[in-house]
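Participant: What follows is the file entry-v4.cif, containing mmCIF, C-alpha atoms and all ligand atoms:
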data_work
#
loop_
_atom_site.group_PDB
_atom_site.id
_atom_site.type_symbol
_atom_site.label_atom_id
_atom_site.label_comp_id
_atom_site.auth_asym_id
_atom_site.auth_seq_id
_atom_site.Cartn_x
_atom_site.Cartn_y
_atom_site.Cartn_z
ATOM 1 C CA MET A 1147 -9.042 28.257 28.029
ATOM 2 C CA PRO A 1148 -12.086 26.845 26.171
ATOM 3 C CA ASN A 1149 -14.194 24.573 28.339
ATOM 4 C CA LEU A 1150 -14.332 20.974 27.170
ATOM 5 C CA LYS A 1151 -15.250 19.426 30.498
ATOM 6 C CA ASP A 1152 -17.418 16.326 29.987
ATOM 7 C CA LYS A 1153 -17.774 16.907 26.233
ATOM 8 C CA SER A 1154 -17.977 13.554 24.459
ATOM 9 C CA ILE A 1155 -15.459 13.715 21.604
ATOM 10 C CA VAL A 1156 -14.856 10.959 19.057
ATOM 11 C CA ILE A 1157 -11.547 11.059 17.158
ATOM 12 C CA THR A 1158 -10.714 8.735 14.267
ATOM 13 C CA GLY A 1159 -7.097 7.957 13.452
ATOM 14 C CA ALA A 1160 -6.519 8.742 17.120
ATOM 15 C CA THR A 1161 -3.529 6.463 17.607
ATOM 16 C CA GLY A 1162 -1.521 8.276 14.925
ATOM 17 C CA GLY A 1163 0.536 11.450 15.245
ATOM 18 C CA ILE A 1164 -1.997 14.294 15.042
ATOM 19 C CA GLY A 1165 -5.023 12.349 16.297
ATOM 20 C CA ALA A 1166 -3.170 10.983 19.325
ATOM 21 C CA ALA A 1167 -1.891 14.448 20.299
ATOM 22 C CA ILE A 1168 -5.420 15.875 20.080
ATOM 23 C CA ALA A 1169 -6.910 12.942 22.015
ATOM 24 C CA GLU A 1170 -4.423 13.285 24.872
ATOM 25 C CA ALA A 1171 -4.713 17.068 25.093
ATOM 26 C CA LEU A 1172 -8.514 17.223 24.996
ATOM 27 C CA ALA A 1173 -8.715 14.398 27.551
ATOM 28 C CA ALA A 1174 -6.460 16.476 29.812
ATOM 29 C CA ASP A 1175 -8.943 19.358 29.305
ATOM 30 C CA GLY A 1176 -11.657 17.115 30.787
ATOM 31 C CA ALA A 1177 -13.338 15.765 27.640
ATOM 32 C CA ALA A 1178 -14.439 12.132 27.401
ATOM 33 C CA ILE A 1179 -12.580 10.730 24.420
ATOM 34 C CA THR A 1180 -13.419 7.875 22.089
ATOM 35 C CA VAL A 1181 -10.063 6.848 20.658
ATOM 36 C CA ALA A 1182 -10.981 5.252 17.323
ATOM 37 C CA ASP A 1183 -8.566 3.683 14.863
ATOM 38 C CA LEU A 1184 -8.178 0.914 12.307
ATOM 39 C CA ASN A 1185 -5.779 -0.640 14.768
ATOM 40 C CA GLN A 1186 -8.103 -1.698 17.605
ATOM 41 C CA GLU A 1187 -5.316 -2.825 19.922
ATOM 42 C CA ALA A 1188 -3.580 0.551 19.559
ATOM 43 C CA ALA A 1189 -6.925 2.320 20.158
ATOM 44 C CA GLU A 1190 -7.429 0.383 23.387
ATOM 45 C CA LYS A 1191 -3.865 1.167 24.460
ATOM 46 C CA GLY A 1192 -4.375 4.861 23.690
ATOM 47 C CA ALA A 1193 -7.542 4.898 25.804
ATOM 48 C CA ALA A 1194 -5.759 3.051 28.626
ATOM 49 C CA ALA A 1195 -2.951 5.645 28.594
ATOM 50 C CA ILE A 1196 -5.493 8.477 28.843
ATOM 51 C CA LYS A 1197 -7.218 6.743 31.761
ATOM 52 C CA ALA A 1198 -3.874 6.118 33.464
ATOM 53 C CA ALA A 1199 -3.266 9.870 33.244
ATOM 54 C CA GLY A 1200 -6.597 10.508 35.015
ATOM 55 C CA GLY A 1201 -8.740 11.106 31.914
ATOM 56 C CA SER A 1202 -11.850 9.448 30.566
ATOM 57 C CA ALA A 1203 -11.634 7.368 27.375
ATOM 58 C CA ILE A 1204 -12.629 4.240 25.500
ATOM 59 C CA GLY A 1205 -10.808 2.601 22.609
ATOM 60 C CA VAL A 1206 -12.739 1.448 19.547
ATOM 61 C CA GLY A 1207 -11.596 -0.334 16.400
ATOM 62 C CA VAL A 1208 -13.063 1.224 13.258
ATOM 63 C CA ASP A 1209 -12.459 1.199 9.533
ATOM 64 C CA VAL A 1210 -13.807 4.594 8.465
ATOM 65 C CA ARG A 1211 -14.626 3.157 5.008
ATOM 66 C CA GLN A 1212 -17.207 0.814 6.590
ATOM 67 C CA ARG A 1213 -20.495 2.493 7.450
ATOM 68 C CA ASP A 1214 -21.606 -0.189 9.905
ATOM 69 C CA GLN A 1215 -18.357 0.186 11.841
ATOM 70 C CA VAL A 1216 -18.630 3.990 11.912
ATOM 71 C CA ARG A 1217 -22.230 3.639 13.132
ATOM 72 C CA ALA A 1218 -21.120 1.206 15.852
ATOM 73 C CA MET A 1219 -18.300 3.592 16.908
ATOM 74 C CA LEU A 1220 -20.715 6.507 17.389
ATOM 75 C CA ASP A 1221 -23.264 4.287 19.161
ATOM 76 C CA LYS A 1222 -20.585 2.999 21.519
ATOM 77 C CA ALA A 1223 -19.452 6.565 22.320
ATOM 78 C CA ALA A 1224 -23.069 7.662 22.956
ATOM 79 C CA GLU A 1225 -23.814 4.599 25.067
ATOM 80 C CA THR A 1226 -20.673 5.059 27.184
ATOM 81 C CA PHE A 1227 -20.667 8.851 27.618
ATOM 82 C CA GLY A 1228 -24.392 9.643 27.229
ATOM 83 C CA ARG A 1229 -24.055 11.473 23.883
ATOM 84 C CA VAL A 1230 -21.644 12.583 21.178
ATOM 85 C CA ASP A 1231 -20.787 16.295 21.031
ATOM 86 C CA VAL A 1232 -17.960 16.298 18.502
ATOM 87 C CA LEU A 1233 -16.681 14.001 15.764
ATOM 88 C CA PHE A 1234 -13.149 14.537 14.444
ATOM 89 C CA ASN A 1235 -12.782 12.826 11.070
ATOM 90 C CA ASN A 1236 -9.012 12.658 11.268
ATOM 91 C CA ALA A 1237 -8.052 9.198 9.952
ATOM 92 C CA GLY A 1238 -6.111 9.369 6.711
ATOM 93 C CA VAL A 1239 -3.601 7.711 4.452
ATOM 94 C CA ALA A 1240 -1.017 9.130 2.046
ATOM 95 C CA GLN A 1241 0.951 7.770 -0.855
ATOM 96 C CA THR A 1242 3.681 9.292 -3.044
ATOM 97 C CA ARG A 1243 3.179 8.626 -6.763
ATOM 98 C CA PRO A 1244 4.357 10.626 -9.778
ATOM 99 C CA PHE A 1245 1.305 11.961 -11.610
ATOM 100 C CA LEU A 1246 1.477 9.503 -14.520
ATOM 101 C CA SER A 1247 1.962 6.489 -12.224
ATOM 102 C CA ILE A 1248 -1.226 6.845 -10.191
ATOM 103 C CA THR A 1249 -3.343 3.757 -10.818
ATOM 104 C CA GLU A 1250 -7.045 3.290 -10.285
ATOM 105 C CA GLU A 1251 -6.165 1.126 -7.294
ATOM 106 C CA ASP A 1252 -4.001 3.931 -5.809
ATOM 107 C CA TRP A 1253 -6.802 6.435 -6.368
ATOM 108 C CA ARG A 1254 -9.341 4.205 -4.619
ATOM 109 C CA PHE A 1255 -7.009 3.398 -1.710
ATOM 110 C CA VAL A 1256 -6.394 7.063 -0.911
ATOM 111 C CA THR A 1257 -9.805 8.533 -1.687
ATOM 112 C CA ASP A 1258 -11.724 5.695 0.012
ATOM 113 C CA VAL A 1259 -10.162 6.526 3.381
ATOM 114 C CA ASN A 1260 -9.670 10.297 3.054
ATOM 115 C CA ALA A 1261 -12.831 11.300 1.188
ATOM 116 C CA LEU A 1262 -15.422 8.496 1.358
ATOM 117 C CA GLY A 1263 -14.442 7.854 4.989
ATOM 118 C CA VAL A 1264 -15.066 11.517 5.821
ATOM 119 C CA LEU A 1265 -18.415 11.511 3.968
ATOM 120 C CA ILE A 1266 -19.576 8.457 5.918
ATOM 121 C CA GLY A 1267 -18.343 9.939 9.195
ATOM 122 C CA MET A 1268 -20.171 13.194 8.572
ATOM 123 C CA GLN A 1269 -23.401 11.462 7.545
ATOM 124 C CA GLU A 1270 -23.463 9.155 10.549
ATOM 125 C CA ALA A 1271 -22.538 12.005 12.930
ATOM 126 C CA VAL A 1272 -25.476 14.071 11.658
ATOM 127 C CA LYS A 1273 -27.822 11.100 12.241
ATOM 128 C CA THR A 1274 -26.473 10.841 15.798
ATOM 129 C CA PHE A 1275 -26.874 14.604 16.378
ATOM 130 C CA ARG A 1276 -30.460 14.500 15.061
ATOM 131 C CA ARG A 1277 -31.374 11.647 17.400
ATOM 132 C CA GLN A 1278 -29.890 13.594 20.287
ATOM 133 C CA ALA A 1279 -31.850 16.723 19.256
ATOM 134 C CA GLU A 1280 -35.080 14.715 19.463
ATOM 135 C CA ALA A 1281 -34.067 13.843 23.021
ATOM 136 C CA GLY A 1282 -33.537 17.548 23.798
ATOM 137 C CA HIS A 1283 -29.795 17.893 23.243
ATOM 138 C CA GLY A 1284 -29.392 19.751 19.923
ATOM 139 C CA GLY A 1285 -26.378 20.815 17.918
ATOM 140 C CA GLY A 1286 -23.120 18.985 17.304
ATOM 141 C CA LYS A 1287 -19.736 19.681 15.797
ATOM 142 C CA ILE A 1288 -17.964 17.956 12.923
ATOM 143 C CA ILE A 1289 -14.266 18.694 12.537
ATOM 144 C CA ASN A 1290 -12.328 17.309 9.602
ATOM 145 C CA THR A 1291 -8.578 17.123 9.166
ATOM 146 C CA ALA A 1292 -7.835 18.582 5.746
ATOM 147 C CA SER A 1293 -4.317 19.730 4.738
ATOM 148 C CA ILE A 1294 -2.247 22.239 2.797
ATOM 149 C CA ALA A 1295 -2.897 19.548 0.164
ATOM 150 C CA ALA A 1296 -6.535 20.668 0.266
ATOM 151 C CA LYS A 1297 -5.458 24.048 -1.129
ATOM 152 C CA GLN A 1298 -2.562 23.246 -3.481
ATOM 153 C CA GLY A 1299 -1.959 20.376 -5.901
ATOM 154 C CA TYR A 1300 1.476 18.856 -5.247
ATOM 155 C CA GLU A 1301 2.826 16.841 -8.168
ATOM 156 C CA PRO A 1302 3.592 13.406 -6.696
ATOM 157 C CA LEU A 1303 0.582 13.565 -4.373
ATOM 158 C CA ALA A 1304 -2.227 14.400 -6.834
ATOM 159 C CA HIS A 1305 -4.670 11.767 -5.599
ATOM 160 C CA TYR A 1306 -3.939 12.663 -1.959
ATOM 161 C CA CYS A 1307 -4.547 16.345 -2.770
ATOM 162 C CA ALA A 1308 -7.789 15.490 -4.566
ATOM 163 C CA SER A 1309 -8.982 13.592 -1.499
ATOM 164 C CA LYS A 1310 -8.230 16.606 0.720
ATOM 165 C CA PHE A 1311 -9.857 19.136 -1.637
ATOM 166 C CA ALA A 1312 -12.896 16.847 -1.302
ATOM 167 C CA VAL A 1313 -12.776 17.243 2.483
ATOM 168 C CA VAL A 1314 -13.042 21.033 2.142
ATOM 169 C CA ALA A 1315 -15.920 20.689 -0.328
ATOM 170 C CA MET A 1316 -17.835 18.339 1.956
ATOM 171 C CA THR A 1317 -17.180 20.592 4.952
ATOM 172 C CA GLN A 1318 -18.707 23.565 3.123
ATOM 173 C CA ALA A 1319 -21.651 21.544 1.796
ATOM 174 C CA ALA A 1320 -22.442 20.065 5.213
ATOM 175 C CA ALA A 1321 -22.212 23.506 6.839
ATOM 176 C CA ARG A 1322 -24.893 24.726 4.419
ATOM 177 C CA ALA A 1323 -27.003 21.576 4.809
ATOM 178 C CA PHE A 1324 -27.146 21.409 8.607
ATOM 179 C CA GLY A 1325 -26.504 24.922 9.901
ATOM 180 C CA LYS A 1326 -30.161 25.540 10.702
ATOM 181 C CA GLU A 1327 -30.039 22.572 13.064
ATOM 182 C CA GLY A 1328 -27.124 24.089 14.957
ATOM 183 C CA ILE A 1329 -24.754 21.477 13.542
ATOM 184 C CA THR A 1330 -21.438 22.959 12.441
ATOM 185 C CA ALA A 1331 -18.716 21.565 10.172
ATOM 186 C CA ASN A 1332 -15.207 22.993 9.963
ATOM 187 C CA CYS A 1333 -11.792 21.713 9.043
ATOM 188 C CA PHE A 1334 -8.202 22.557 9.819
ATOM 189 C CA CYS A 1335 -5.283 22.295 7.444
ATOM 190 C CA PRO A 1336 -1.930 21.129 8.811
ATOM 191 C CA GLY A 1337 1.286 21.633 6.843
ATOM 192 C CA VAL A 1338 4.246 19.274 7.199
ATOM 193 C CA VAL A 1339 3.861 17.413 10.479
ATOM 194 C CA ALA A 1340 6.397 14.964 11.884
ATOM 195 C CA THR A 1341 4.198 11.839 12.071
ATOM 196 C CA PRO A 1342 4.310 8.260 10.728
ATOM 197 C CA MET A 1343 2.402 9.523 7.651
ATOM 198 C CA TRP A 1344 5.333 11.702 6.594
ATOM 199 C CA GLU A 1345 7.674 8.720 6.979
ATOM 200 C CA VAL A 1346 5.510 6.982 4.364
ATOM 201 C CA ILE A 1347 5.519 10.038 2.073
ATOM 202 C CA ASP A 1348 9.277 10.558 2.456
ATOM 203 C CA LYS A 1349 10.013 6.889 1.737
ATOM 204 C CA GLY A 1350 7.736 7.156 -1.300
ATOM 205 C CA PHE A 1351 9.870 10.030 -2.647
ATOM 206 C CA ARG A 1352 12.967 7.834 -2.298
ATOM 207 C CA ASP A 1353 11.279 4.745 -3.776
ATOM 208 C CA GLU A 1354 10.183 6.825 -6.766
ATOM 209 C CA LYS A 1355 13.743 8.217 -7.067
ATOM 210 C CA LEU A 1356 12.509 11.752 -6.542
ATOM 211 C CA THR A 1357 14.940 12.170 -3.613
ATOM 212 C CA THR A 1358 17.965 10.229 -2.464
ATOM 213 C CA LYS A 1359 18.312 10.911 1.266
ATOM 214 C CA GLU A 1360 16.068 10.113 4.210
ATOM 215 C CA ASN A 1361 14.016 13.180 5.248
ATOM 216 C CA GLU A 1362 15.077 15.102 2.126
ATOM 217 C CA ALA A 1363 11.481 15.498 0.926
ATOM 218 C CA PHE A 1364 10.255 16.223 4.466
ATOM 219 C CA ASP A 1365 12.940 18.869 5.030
ATOM 220 C CA SER A 1366 12.475 20.549 1.655
ATOM 221 C CA PHE A 1367 8.691 20.815 2.088
ATOM 222 C CA ALA A 1368 9.076 22.009 5.699
ATOM 223 C CA ALA A 1369 11.622 24.639 4.631
ATOM 224 C CA THR A 1370 8.851 26.571 2.874
ATOM 225 C CA ALA A 1371 7.073 27.332 6.190
ATOM 226 C CA VAL A 1372 7.703 30.973 7.030
ATOM 227 C CA LEU A 1373 7.845 30.139 10.740
ATOM 228 C CA GLY A 1374 10.994 28.223 9.887
ATOM 229 C CA ARG A 1375 10.361 24.656 11.012
ATOM 230 C CA ALA A 1376 8.282 21.550 10.455
ATOM 231 C CA SER A 1377 5.156 21.095 12.589
ATOM 232 C CA GLN A 1378 4.852 18.743 15.515
ATOM 233 C CA PRO A 1379 1.483 17.105 16.305
ATOM 234 C CA ALA A 1380 1.214 19.384 19.361
ATOM 235 C CA ASP A 1381 1.053 22.396 16.992
ATOM 236 C CA LEU A 1382 -2.457 21.272 15.984
ATOM 237 C CA VAL A 1383 -3.854 20.998 19.511
ATOM 238 C CA GLY A 1384 -4.819 24.667 19.845
ATOM 239 C CA VAL A 1385 -6.975 24.736 16.727
ATOM 240 C CA ALA A 1386 -8.548 21.380 17.653
ATOM 241 C CA ARG A 1387 -9.410 22.676 21.127
ATOM 242 C CA TYR A 1388 -10.914 25.856 19.669
ATOM 243 C CA LEU A 1389 -12.997 24.024 17.068
ATOM 244 C CA ALA A 1390 -14.266 21.495 19.618
ATOM 245 C CA SER A 1391 -15.280 24.144 22.155
ATOM 246 C CA SER A 1392 -18.192 26.590 22.323
ATOM 247 C CA ASP A 1393 -15.722 29.376 21.398
ATOM 248 C CA SER A 1394 -16.209 28.347 17.750
ATOM 249 C CA ASP A 1395 -20.020 28.052 17.929
ATOM 250 C CA PHE A 1396 -20.642 30.849 15.401
ATOM 251 C CA MET A 1397 -18.218 29.477 12.831
ATOM 252 C CA THR A 1398 -19.055 26.914 10.173
ATOM 253 C CA GLY A 1399 -17.915 25.825 6.718
ATOM 254 C CA GLN A 1400 -14.372 27.090 7.289
ATOM 255 C CA SER A 1401 -10.910 25.655 6.757
ATOM 256 C CA LEU A 1402 -8.235 27.014 9.074
ATOM 257 C CA MET A 1403 -4.621 26.904 7.888
ATOM 258 C CA VAL A 1404 -2.317 25.849 10.739
ATOM 259 C CA ASP A 1405 0.824 25.169 8.741
ATOM 260 C CA GLY A 1406 3.508 27.536 10.014
ATOM 261 C CA GLY A 1407 2.808 29.774 7.033
ATOM 262 C CA MET A 1408 3.104 27.539 3.970
ATOM 263 C CA VAL A 1409 -0.090 28.389 2.094
ATOM 264 C CA PHE A 1410 -1.740 31.811 2.260
ATOM 265 C CA ILE A 1411 -5.353 31.977 1.165
HETATM 266 N N1 LIG A 1501 1.429 14.508 8.769
HETATM 267 C C1 LIG A 1501 1.171 15.576 8.006
HETATM 268 O O1 LIG A 1501 2.090 16.319 7.574
HETATM 269 C C2 LIG A 1501 -0.242 15.948 7.657
HETATM 270 C C3 LIG A 1501 -0.445 17.168 7.006
HETATM 271 C C4 LIG A 1501 -1.736 17.540 6.665
HETATM 272 C C5 LIG A 1501 -2.791 16.711 6.972
HETATM 273 N N2 LIG A 1501 -2.567 15.520 7.594
HETATM 274 C C6 LIG A 1501 -3.734 14.693 7.890
HETATM 275 O O2 LIG A 1501 -3.805 14.505 9.287
HETATM 276 C C7 LIG A 1501 -4.501 13.291 9.568
HETATM 277 C C8 LIG A 1501 -3.686 12.483 10.546
HETATM 278 O O3 LIG A 1501 -2.465 12.159 9.931
HETATM 279 P P1 LIG A 1501 -1.094 11.838 10.709
HETATM 280 O O4 LIG A 1501 -0.042 12.614 10.048
HETATM 281 O O5 LIG A 1501 -1.312 11.913 12.164
HETATM 282 O O6 LIG A 1501 -0.909 10.344 10.198
HETATM 283 P P2 LIG A 1501 -0.692 8.962 10.924
HETATM 284 O O7 LIG A 1501 -0.388 7.989 9.853
HETATM 285 O O8 LIG A 1501 0.248 9.117 12.050
HETATM 286 O O9 LIG A 1501 -2.131 8.678 11.546
HETATM 287 C C9 LIG A 1501 -3.214 8.305 10.753
HETATM 288 C C10 LIG A 1501 -4.074 7.350 11.537
HETATM 289 O O10 LIG A 1501 -5.204 6.992 10.741
HETATM 290 C C11 LIG A 1501 -5.443 5.620 10.929
HETATM 291 N N3 LIG A 1501 -6.179 5.074 9.788
HETATM 292 C C12 LIG A 1501 -5.727 4.880 8.520
HETATM 293 N N4 LIG A 1501 -6.681 4.325 7.771
HETATM 294 C C13 LIG A 1501 -7.766 4.182 8.559
HETATM 295 C C14 LIG A 1501 -9.069 3.664 8.355
HETATM 296 N N5 LIG A 1501 -9.444 3.158 7.177
HETATM 297 N N6 LIG A 1501 -9.938 3.671 9.389
HETATM 298 C C15 LIG A 1501 -9.559 4.149 10.604
HETATM 299 N N7 LIG A 1501 -8.339 4.640 10.854
HETATM 300 C C16 LIG A 1501 -7.454 4.651 9.842
HETATM 301 C C17 LIG A 1501 -4.063 4.996 11.076
HETATM 302 O O11 LIG A 1501 -4.118 3.720 11.700
HETATM 303 C C18 LIG A 1501 -3.336 6.051 11.893
HETATM 304 O O12 LIG A 1501 -3.435 5.811 13.284
HETATM 305 C C19 LIG A 1501 -4.717 12.609 8.219
HETATM 306 O O13 LIG A 1501 -6.028 12.869 7.756
HETATM 307 C C20 LIG A 1501 -3.701 13.301 7.315
HETATM 308 O O14 LIG A 1501 -4.073 13.229 5.967
HETATM 309 C C21 LIG A 1501 -1.322 15.115 7.956
#
Please, can you express the file's structure as C-alpha cells?
Facilitator:
Amino acid sequence: MPNLKDKSIVITGATGGIGAAIAEALAADGAAITVADLNQEAAEKGAAAIKAAGGSAIGVGVDVRQRDQVRAMLDKAAETFGRVDVLFNNAGVAQTRPFLSITEEDWRFVTDVNALGVLIGMQEAVKTFRRQAEAGHGGGKIINTASIAAKQGYEPLAHYCASKFAVVAMTQAAARAFGKEGITANCFCPGVVATPMWEVIDKGFRDEKLTTKENEAFDSFAATAVLGRASQPADLVGVARYLASSDSDFMTGQSLMVDGGMVFI
C-alpha cells in the first residue's frame, strides 16, 4: 500500500462524486486533506465527516476560475498542514449540447472551469512548490482529472471534450516545464462514473431529445466498457492513491485510462 501518511493533499471538487471518494480514501490512508469546492458549506461538511472518521481535514470554499481564491486555498492548506505535497485539480462541469447548438456562453462556462481552472491551479501549485523548495522541501505533485472525453470527441459534448483535451495538453506541457525541479504532473481519465455530473449529462440528453428515458444515455455509454459496467467513484481511488504517492515519483506527463476499458490508446 503506498504511504500517504501526513502528506498534505488538496482536492478541488472534493464534495462531488469522484473528488469526495478520493478525499475520504486518502484521508483514511493518513493524508491531511484540504476539501475544496465551490460549495463552501459542503466542503466544511466533507472535512467534518473525515475528522469524525478519525482523519485530518479542513474545508475550503474555492472557485477554481478565480486566481485569488485558488491562491488562498493553497495558502490555507500550507498554513494548516505545514506544506502542500499534492494538488488534485478535479473540479469540473459538464453540459450536453448538440454540436451546432453550442453557444459562446456554453463554451466559456465549460472551458472556464475545466481548462482555465486547471491552468490556474497548476500555476499556483508550482508557485507553492517553488516556495517550499526554497525552504528545503522540494518537489510536488499535480494530478488532474481528465476523462475519456480527453481522448475522443463525443458529438453532444464537443466543448466538454475540448476542455478535457486541454487538460492533457497542459499536463504534458507542465511535465516538461517543471520536471527538472522534481515537480510532476499527471492525469487520470475516468469513463462513465455514477456521479451528480452524469445526472446532468443524462438530463441534457433528454432535454435535447437525444434520448427519451432516464439513464438511457448513461447506460448506453457505460455499455461500451469491456469490463461490463459503469464506474463508481471508488473505482478511481486506486489510481489517485498511486499518483499521489512516491510510487509514481518517476512518472510525469502521463494520462492513465481508468475507464473499465472504453478507450484504448
Ligand atoms: N462522472 C464522470 O463520468 C466523469 C468522467 C470523466 C471525468 N470526470 C471528471 O471528474 C471530475 C469530477 O467529476 P464528478 O463526476 O465527480 O462530478 P460532480 O459534479 O459530482 O463533482 C464536481 C465537483 O466540482 C465542483 N465544482 C464545479 N465547479 C467548480 C468551480 N468553479 N470551483 C470549484 N469547484 C467546482 C462541484 O461543486 C462538484 O462538487 C470532473 O473534472 C469531471 O469532468 C467525470
Participant: Fewer than 2 positions away in the same chain doesn't count, so skip those; otherwise give me all residues within 10 Å of Ala1271 of chain A, counting all atoms listed in the file, as a list in words.
Facilitator: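 Final neighbour list, sorted by chain and number: Val1156, Val1216, Arg1217, Leu1220, Asp1221, Val1230, Asp1231, Val1232, Leu1233, Phe1234, Asn1235, Leu1265, Ile1266, Gly1267, Met1268, Gln1269, Lys1273, Thr1274, Phe1275, Arg1276, Arg1277, Gly1286, Lys1287, Ile1288 and Ile1329 of chain A.
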Participant: Which residues of chain A sit at most 7 Å from ligand LIG 1501 (chain A), using all atoms listed in the file? Give each one's shortest atom pair and distance in Å (one decimal place), in chain and ascending residue order, as CSV.
Facilitator:
residue,atom,partner,partner_atom,distance
A:Thr1158,CA,A:LIG1501,N7,5.8
A:Gly1159,CA,A:LIG1501,O10,3.4
A:Ala1160,CA,A:LIG1501,O12,5.7
A:Thr1161,CA,A:LIG1501,O12,4.4
A:Gly1162,CA,A:LIG1501,O9,3.5
A:Gly1163,CA,A:LIG1501,O5,3.6
A:Ile1164,CA,A:LIG1501,O5,3.8
A:Gly1165,CA,A:LIG1501,O5,5.6
A:Ala1182,CA,A:LIG1501,C15,7.0
A:Asp1183,CA,A:LIG1501,N7,4.1
A:Leu1184,CA,A:LIG1501,C15,3.9
A:Asn1185,CA,A:LIG1501,O11,5.6
A:Val1208,CA,A:LIG1501,C15,5.3
A:Asp1209,CA,A:LIG1501,N6,3.5
A:Val1210,CA,A:LIG1501,N6,4.1
A:Arg1211,CA,A:LIG1501,N5,5.6
A:Asn1236,CA,A:LIG1501,O13,4.6
A:Ala1237,CA,A:LIG1501,O10,3.7
A:Gly1238,CA,A:LIG1501,O13,3.7
A:Val1239,CA,A:LIG1501,C12,5.4
A:Ala1240,CA,A:LIG1501,O14,6.4
A:Val1259,CA,A:LIG1501,N5,5.1
A:Asn1260,CA,A:LIG1501,O13,6.5
A:Thr1291,CA,A:LIG1501,O13,5.2
A:Ala1292,CA,A:LIG1501,C5,5.5
A:Ser1293,CA,A:LIG1501,C4,3.9
A:Ile1294,CA,A:LIG1501,C4,6.1
A:Ala1295,CA,A:LIG1501,C4,6.9
A:Cys1335,CA,A:LIG1501,C4,6.0
A:Pro1336,CA,A:LIG1501,C4,4.2
A:Gly1337,CA,A:LIG1501,C3,4.8
A:Val1338,CA,A:LIG1501,O1,3.7
A:Val1339,CA,A:LIG1501,O1,3.6
A:Ala1340,CA,A:LIG1501,N1,5.9
A:Thr1341,CA,A:LIG1501,O4,4.8
A:Pro1342,CA,A:LIG1501,O8,4.4
A:Met1343,CA,A:LIG1501,O7,3.9
A:Trp1344,CA,A:LIG1501,N1,5.3
Participant: At a cut-off of 9 Å, using all atoms listed in the file, what residues contact Gln1278 of chain A? Leave out same-chain residues fewer than 6 positions from it and give the result as a list in words.
Facilitator: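 Near Gln1278 of chain A, the qualifying residues are Arg1229, Val1230, Gly1284 and Gly1285 of chain A.
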Participant: Hey, what's within 10 Å of Arg1322 of chain A if we count all atoms listed in the file and toss same-chain stuff fewer than 5 positions away? As a ChimeraX atom specification, please?
Facilitator: /A:1316-1317,1329-1331,1398-1399
Participant: For Ala1169 of chain A, which residue out of A:Ala1369, A:Ile1411, A:Ala1315, A:Leu1382 is the nearest one, using all atoms listed in the file?
Facilitator: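 Closest to Ala1169 of chain A of all the choices is A:Leu1382.
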Participant: Counting only C-alpha atoms, figure out which residue out of A:Ala1223, A:Arg1243, A:Lys1191, A:Asn1332 gets nearest to Tyr1388 of chain A.
Facilitator: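 Result for the nearest residue to Tyr1388 of chain A: A:Asn1332.
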